[in-house]
$ cat protein.txt   # compact mmCIF, C-alpha atoms and all ligand atoms
# COMPACT_ATOMS: atom_id res chain seq x y z
CA MET O 164 -14.71 15.03 15.27
CA ASN O 165 -11.39 13.19 15.35
CA LYS O 166 -12.05 11.18 18.49
CA LYS O 167 -11.88 7.57 17.37
CA ASP O 168 -14.62 5.63 19.09
CA TRP O 169 -14.86 2.18 17.51
CA ILE O 170 -17.89 1.30 19.65
CA GLU O 171 -20.02 4.44 19.43
CA GLY O 172 -18.88 5.61 15.98
CA PHE O 173 -16.87 8.60 14.84
CA ALA O 174 -15.96 10.91 11.97
CA PHE O 175 -12.35 11.67 11.25
CA LEU O 176 -10.56 14.20 9.05
CA LEU O 177 -8.01 11.90 7.44
CA SER O 178 -6.46 14.46 5.13
CA ASP O 179 -5.08 16.76 7.85
CA LYS O 180 -1.57 15.39 8.09
CA ASP O 181 -0.31 18.20 10.30
CA ALA O 182 -2.94 17.42 12.93
CA HIS O 183 -2.15 13.70 13.01
CA PRO O 184 1.50 13.11 12.14
CA ASP O 185 1.52 10.15 14.55
CA LEU O 186 -0.94 8.23 12.35
CA TRP O 187 1.48 8.05 9.44
CA LYS O 188 4.04 5.29 8.98
CA THR O 189 6.77 5.67 6.37
CA ARG O 190 8.66 3.11 4.33
CA THR O 191 12.05 4.17 3.02
CA LEU O 192 14.15 2.44 0.40
CA SER O 193 16.54 1.03 3.01
CA GLN O 194 13.57 -0.68 4.67
CA MET O 195 12.52 -2.43 1.45
CA LYS O 196 15.71 -2.99 -0.50
CA SER O 197 15.02 -6.60 -1.45
CA TRP O 198 11.57 -5.75 -2.81
CA PHE O 199 13.05 -4.05 -5.88
CA ARG O 200 14.49 -6.12 -8.70
CA ASP O 201 17.55 -4.07 -9.65
CA GLN O 202 19.85 -4.36 -6.65
CA THR O 203 22.59 -2.36 -8.39
CA ALA O 204 20.14 0.52 -8.76
CA VAL O 205 19.08 0.14 -5.10
CA GLU O 206 22.67 0.46 -3.91
CA SER O 207 23.48 3.40 -6.16
CA VAL O 208 20.43 5.33 -4.85
CA LEU O 209 21.22 4.47 -1.23
CA ALA O 210 24.79 5.70 -1.69
CA ILE O 211 23.29 9.17 -2.12
CA GLU O 212 20.01 9.18 -0.16
CA ASP O 213 17.35 7.02 1.47
CA PRO O 214 14.12 8.19 -0.17
CA VAL O 215 10.68 7.66 1.35
CA ILE O 216 8.93 5.29 -1.06
CA TYR O 217 5.48 5.36 0.54
CA GLU O 218 3.58 6.27 3.67
CA TYR O 219 0.28 5.11 5.10
CA GLN O 220 -2.03 5.70 8.02
CA GLU O 221 -2.81 3.31 10.83
CA LEU O 222 -5.81 4.38 12.85
CA GLY O 223 -5.63 1.46 15.23
CA ALA O 224 -8.87 -0.31 14.39
CA PRO O 225 -9.61 -3.14 16.81
CA GLU O 226 -8.57 -6.40 15.15
CA HIS O 227 -12.02 -7.94 15.25
CA PRO O 228 -13.84 -9.56 12.32
CA GLY O 229 -16.69 -7.06 12.55
CA ASP O 230 -14.52 -3.95 12.46
CA VAL O 231 -13.13 -2.22 9.37
CA ALA O 232 -9.60 -0.85 9.13
CA PHE O 233 -9.21 2.15 6.84
CA GLY O 234 -7.06 5.14 6.06
CA LEU O 235 -5.02 6.93 3.43
CA SER O 236 -1.90 5.73 1.65
CA ARG O 237 0.51 7.73 -0.46
CA VAL O 238 3.11 6.33 -2.84
CA PHE O 239 5.65 8.91 -3.96
CA PRO O 240 6.70 9.27 -7.61
CA GLY O 241 10.01 7.83 -8.71
CA LYS O 242 11.81 4.74 -9.95
CA ILE O 243 14.52 2.39 -8.74
CA GLY O 244 16.27 1.55 -11.98
CA HIS O 245 13.32 1.04 -14.32
CA GLU O 246 10.88 -0.10 -11.60
CA TYR O 247 8.34 2.37 -10.32
CA TYR O 248 8.03 3.20 -6.61
CA MET O 249 5.55 0.81 -5.02
CA THR O 250 4.34 -0.60 -1.74
CA LYS O 251 5.77 -3.86 -0.43
CA GLY O 252 2.54 -5.68 -1.18
CA HIS O 253 1.00 -8.39 0.94
CA PHE O 254 -1.44 -11.21 1.23
CA HIS O 255 -3.82 -10.96 4.16
CA ASN O 256 -3.14 -13.44 6.95
CA ILE O 257 -6.79 -14.37 6.60
CA ILE O 258 -6.27 -14.89 2.91
CA ASP O 259 -9.93 -14.91 1.93
CA THR O 260 -10.50 -11.26 2.80
CA ALA O 261 -10.92 -8.55 0.18
CA GLU O 262 -9.99 -4.87 0.25
CA VAL O 263 -11.33 -1.71 -1.37
CA TYR O 264 -9.17 1.11 -2.73
CA TYR O 265 -10.46 4.49 -3.78
CA GLY O 266 -8.17 6.76 -5.79
CA LEU O 267 -7.84 10.38 -4.64
CA SER O 268 -4.97 11.85 -6.62
CA GLY O 269 -2.14 10.82 -8.90
CA HIS O 270 -1.98 7.92 -11.31
CA GLY O 271 -1.05 4.32 -10.72
CA ILE O 272 -2.11 0.72 -10.67
CA LEU O 273 -2.87 -2.06 -8.26
CA LEU O 274 -0.95 -5.21 -9.06
CA ILE O 275 -2.77 -8.27 -7.74
CA GLU O 276 -1.71 -11.93 -7.80
CA ASN O 277 -3.15 -15.07 -6.27
CA GLU O 278 -1.44 -18.16 -4.87
CA ALA O 279 -1.64 -19.87 -8.26
CA GLY O 280 0.40 -17.03 -9.78
CA GLU O 281 -2.50 -15.56 -11.73
CA TRP O 282 -2.06 -11.80 -11.85
CA LYS O 283 -3.72 -8.74 -13.25
CA THR O 284 -3.76 -4.99 -12.76
CA LEU O 285 -6.52 -2.66 -11.61
CA PRO O 286 -6.50 1.13 -11.99
CA LEU O 287 -5.65 3.49 -9.14
CA GLU O 288 -7.06 6.74 -10.47
CA PRO O 289 -8.91 9.67 -8.91
CA GLY O 290 -12.58 8.86 -8.43
CA VAL O 291 -12.17 5.16 -9.19
CA ALA O 292 -12.87 2.40 -6.66
CA SER O 293 -10.94 -0.84 -7.21
CA TYR O 294 -11.86 -4.07 -5.48
CA VAL O 295 -9.08 -6.49 -4.56
CA PRO O 296 -10.84 -9.84 -4.41
CA LYS O 297 -10.19 -12.32 -1.62
CA GLY O 298 -7.18 -14.56 -2.15
CA TYR O 299 -5.08 -11.97 -3.99
CA ALA O 300 -1.87 -10.33 -2.83
CA HIS O 301 -1.89 -6.65 -3.71
CA ARG O 302 0.67 -3.93 -4.34
CA SER O 303 0.16 -0.26 -5.26
CA VAL O 304 2.46 1.22 -7.90
CA ASN O 305 2.86 4.90 -8.76
CA THR O 306 3.30 5.13 -12.54
CA GLY O 307 2.73 8.89 -12.60
CA GLU O 308 4.76 11.98 -11.80
CA GLU O 309 2.94 13.17 -8.69
CA PRO O 310 2.13 11.46 -5.37
CA LEU O 311 -0.41 8.65 -5.72
CA GLU O 312 -2.92 8.98 -2.89
CA PHE O 313 -5.78 6.63 -2.17
CA PHE O 314 -8.15 5.45 0.54
CA TYR O 315 -8.24 1.80 1.64
CA ALA O 316 -10.63 -0.27 3.76
CA PHE O 317 -10.54 -3.93 4.77
CA ARG O 318 -11.74 -6.30 7.49
CA ALA O 319 -9.80 -5.21 10.56
CA ASP O 320 -8.55 -8.62 11.68
CA ALA O 321 -7.34 -9.68 8.21
CA GLY O 322 -3.68 -9.04 9.04
CA HIS O 323 -0.74 -8.60 6.65
CA ASN O 324 1.55 -11.29 5.34
CA TYR O 325 4.60 -9.54 3.85
CA GLY O 326 7.06 -12.39 4.29
CA ARG O 327 5.62 -14.44 1.52
CA ILE O 328 5.97 -11.57 -0.95
CA GLU O 329 9.54 -10.95 0.21
CA THR O 330 10.35 -14.61 -0.42
CA THR O 331 8.55 -15.28 -3.67
CA GLY O 332 7.77 -11.81 -4.98
CA PHE O 333 5.21 -10.93 -7.58
CA SER O 334 5.72 -12.58 -10.95
CA HIS O 335 5.36 -9.25 -12.71
CA ALA O 336 7.30 -6.01 -12.14
CA VAL O 337 5.91 -2.63 -13.20
CA THR O 338 8.61 -0.77 -15.12
CA ASP O 339 8.95 1.93 -17.76
CA GLU O 340 10.45 -0.58 -20.20
ZN ZN O 401 -4.36 -5.48 2.16

$ encode --input "protein.txt" --output "C-alpha cells"
Amino acid sequence: MNKKDWIEGFAFLLSDKDAHPDLWKTRTLSQMKSWFRDQTAVESVLAIEDPVIYEYQELGAPEHPGDVAFGLSRVFPGKIGHEYYMTKGHFHNIIDTAEVYYGLSGHGILLIENEAGEWKTLPLEPGVASYVPKGYAHRSVNTGEEPLEFFYAFRADAGHNYGRIETTGFSHAVTDE
C-alpha cells in the first residue's frame, strides 16, 4: 500500500494526511486575492490574517491521455465579504475533458460555466457523485459551516487553465445574499 506505481497499479490511503503531508498543496487568500469580488473585504481580512482557503492533493499522475489524476480536495468554511470560500476554478487545457467529483463531508456546490457563459450548479454533498461535463470551467464552493471534502478524478493530461478564469471570472458569484 501507498507505493504509487502508475504502470503496475497501486492502492493508496488518501485520507491519512499525517503520513503524506507532502501531497497537499494549499491556497491562501493572499494567493488568490483577485478571485474574490469584494476587494475591500479581501484587504480587511489580509490586514489581520492570511487564511487557507482550500487545499488539495497532487499524487503526480503521469500526464498521459490514458492515465487518471485523482485525489482529495478540501475547501474550508468561511466568507470573504458575502462570498463563500471557494477554489480558483479552471477550464482544462484540453477543454473537452470531463471530471468527476465525489462528496465526502461538508456541504457545498460545484459552479460550472462554459465558454458561451452558460452556467449551472451541481451539488457537492456526502455520497453524491457530480459529473462536470467536457467544456465547462468548474469551481468548488463551501456553503456550509464545516470543511467541504471531496474526491476528484480526471484525465491526467487535461491540464489546468486558471488564467482565463482570473481574467474573465465566472458570471455568477456564490454569496449569502
Ligand atoms: Zn478540473

$ residues_near_ligand --input "protein.txt" --ligand "ligand ZN 401 (chain O)" --cutoff "7 Å" --atoms "only C-alpha atoms and all ligand atoms" --output "number ranges by chain"
O: 253-255, 262, 301, 317, 323

$ closest_residue --input "protein.txt" --among "O:Asn277, O:Ser197, O:Asn256, O:Asn165" --to "Leu177 of chain O" --atoms "only C-alpha atoms"
O:Asn165

$ residues_near_point --input "protein.txt" --point "(-9.0, 1.9, -3.0)" --cutoff "10 Å" --atoms "only C-alpha atoms" --output "PyMOL selection string"
chain O and resi 233-236+262-267+273+286-295+303+312-317

$ closest_residue --input "protein.txt" --among "O:Thr191, O:Thr284, O:Thr260, O:Asn324" --to "Ala336 of chain O" --atoms "only C-alpha atoms"
O:Thr284

$ residues_around --input "protein.txt" --residues "segment 216-227 of chain O" --least-positions-apart "4" --cutoff "10 Å" --atoms "all atoms listed in the file" --output "VMD selection string"
chain O and resid 167 to 170 175 177 180 183 to 195 231 to 243 247 to 251 303 to 305 310 to 315 318 to 322

$ atom_distance --input "protein.txt" --atom1 "atom CA of Thr331 of chain O" --atom2 "atom CA of Leu285 of chain O"
21.2 Å

$ atom_distance --input "protein.txt" --atom1 "atom CA of Gly332 of chain O" --atom2 "atom CA of Gly252 of chain O"
8.9 Å

$ atom_distance --input "protein.txt" --atom1 "atom CA of Glu171 of chain O" --atom2 "atom CA of Ile258 of chain O"
28.9 Å

$ residues_around --input "protein.txt" --residues "Ser207 of chain O" --least-positions-apart "5" --cutoff "10 Å" --atoms "all atoms listed in the file" --output "PyMOL selection string"
chain O and resi 202+212+243-244

$ closest_residue --input "protein.txt" --among "O:Glu309, O:Ala300, O:Asp230, O:Leu176" --to "Glu329 of chain O" --atoms "all atoms listed in the file"
O:Ala300

$ residues_near_point --input "protein.txt" --point "(14.6, 0.8, -17.4)" --cutoff "6 Å" --atoms "only C-alpha atoms" --output "number ranges by chain"
O: 244-245, 339-340

$ write_last_selection --input "protein.txt" --atoms "C-alpha atoms" --output "PDB file, in the frame of the given file"
ATOM      1  CA  GLY O 244      16.270   1.550 -11.980  1.00  0.00           C
ATOM      2  CA  HIS O 245      13.320   1.040 -14.320  1.00  0.00           C
ATOM      3  CA  ASP O 339       8.950   1.930 -17.760  1.00  0.00           C
ATOM      4  CA  GLU O 340      10.450  -0.580 -20.200  1.00  0.00           C
TER       5      GLU O 340
END

$ decode --input "protein.txt" --residues "segment 248-261 of chain O" --atoms "N, CA, C and O atoms" --output "PDB file, in the first residue's frame"
ATOM      1  N   TYR O 248     -15.970  30.898   0.697  1.00  0.00           N
ATOM      2  CA  TYR O 248     -14.667  30.340   0.317  1.00  0.00           C
ATOM      3  C   TYR O 248     -14.873  29.370  -0.852  1.00  0.00           C
ATOM      4  O   TYR O 248     -15.853  28.608  -0.885  1.00  0.00           O
ATOM      5  N   MET O 249     -13.919  29.376  -1.759  1.00  0.00           N
ATOM      6  CA  MET O 249     -14.063  28.589  -2.999  1.00  0.00           C
ATOM      7  C   MET O 249     -12.682  28.294  -3.566  1.00  0.00           C
ATOM      8  O   MET O 249     -11.689  28.880  -3.139  1.00  0.00           O
ATOM      9  N   THR O 250     -12.644  27.401  -4.525  1.00  0.00           N
ATOM     10  CA  THR O 250     -11.396  27.183  -5.260  1.00  0.00           C
ATOM     11  C   THR O 250     -11.304  28.216  -6.389  1.00  0.00           C
ATOM     12  O   THR O 250     -12.288  28.870  -6.725  1.00  0.00           O
ATOM     13  N   LYS O 251     -10.100  28.360  -6.929  1.00  0.00           N
ATOM     14  CA  LYS O 251      -9.932  29.311  -8.027  1.00  0.00           C
ATOM     15  C   LYS O 251     -10.879  28.990  -9.177  1.00  0.00           C
ATOM     16  O   LYS O 251     -11.507  29.870  -9.752  1.00  0.00           O
ATOM     17  N   GLY O 252     -10.950  27.730  -9.511  1.00  0.00           N
ATOM     18  CA  GLY O 252     -11.736  27.295 -10.672  1.00  0.00           C
ATOM     19  C   GLY O 252     -10.884  27.353 -11.924  1.00  0.00           C
ATOM     20  O   GLY O 252      -9.954  28.155 -12.034  1.00  0.00           O
ATOM     21  N   HIS O 253     -11.178  26.468 -12.833  1.00  0.00           N
ATOM     22  CA  HIS O 253     -10.361  26.375 -14.054  1.00  0.00           C
ATOM     23  C   HIS O 253     -11.131  25.691 -15.169  1.00  0.00           C
ATOM     24  O   HIS O 253     -12.051  24.902 -14.921  1.00  0.00           O
ATOM     25  N   PHE O 254     -10.729  26.021 -16.391  1.00  0.00           N
ATOM     26  CA  PHE O 254     -11.008  25.152 -17.530  1.00  0.00           C
ATOM     27  C   PHE O 254      -9.863  24.151 -17.595  1.00  0.00           C
ATOM     28  O   PHE O 254      -8.785  24.387 -17.041  1.00  0.00           O
ATOM     29  N   HIS O 255     -10.055  23.039 -18.267  1.00  0.00           N
ATOM     30  CA  HIS O 255      -8.925  22.183 -18.590  1.00  0.00           C
ATOM     31  C   HIS O 255      -8.262  22.706 -19.859  1.00  0.00           C
ATOM     32  O   HIS O 255      -8.936  23.265 -20.736  1.00  0.00           O
ATOM     33  N   ASN O 256      -6.940  22.560 -19.913  1.00  0.00           N
ATOM     34  CA  ASN O 256      -6.230  22.974 -21.141  1.00  0.00           C
ATOM     35  C   ASN O 256      -6.781  22.210 -22.344  1.00  0.00           C
ATOM     36  O   ASN O 256      -6.960  22.779 -23.416  1.00  0.00           O
ATOM     37  N   ILE O 257      -6.997  20.923 -22.154  1.00  0.00           N
ATOM     38  CA  ILE O 257      -7.732  20.151 -23.163  1.00  0.00           C
ATOM     39  C   ILE O 257      -9.191  20.301 -22.777  1.00  0.00           C
ATOM     40  O   ILE O 257      -9.701  19.605 -21.891  1.00  0.00           O
ATOM     41  N   ILE O 258      -9.838  21.274 -23.390  1.00  0.00           N
ATOM     42  CA  ILE O 258     -11.113  21.766 -22.837  1.00  0.00           C
ATOM     43  C   ILE O 258     -12.209  20.705 -22.871  1.00  0.00           C
ATOM     44  O   ILE O 258     -13.095  20.691 -22.015  1.00  0.00           O
ATOM     45  N   ASP O 259     -12.126  19.798 -23.827  1.00  0.00           N
ATOM     46  CA  ASP O 259     -13.158  18.764 -23.920  1.00  0.00           C
ATOM     47  C   ASP O 259     -12.831  17.546 -23.065  1.00  0.00           C
ATOM     48  O   ASP O 259     -12.857  16.406 -23.537  1.00  0.00           O
ATOM     49  N   THR O 260     -12.467  17.798 -21.795  1.00  0.00           N
ATOM     50  CA  THR O 260     -12.267  16.682 -20.865  1.00  0.00           C
ATOM     51  C   THR O 260     -13.093  16.928 -19.611  1.00  0.00           C
ATOM     52  O   THR O 260     -13.082  18.013 -19.042  1.00  0.00           O
ATOM     53  N   ALA O 261     -13.795  15.913 -19.194  1.00  0.00           N
ATOM     54  CA  ALA O 261     -14.711  15.989 -18.051  1.00  0.00           C
ATOM     55  C   ALA O 261     -13.974  15.679 -16.756  1.00  0.00           C
ATOM     56  O   ALA O 261     -12.767  15.407 -16.740  1.00  0.00           O
TER      57      ALA O 261
END
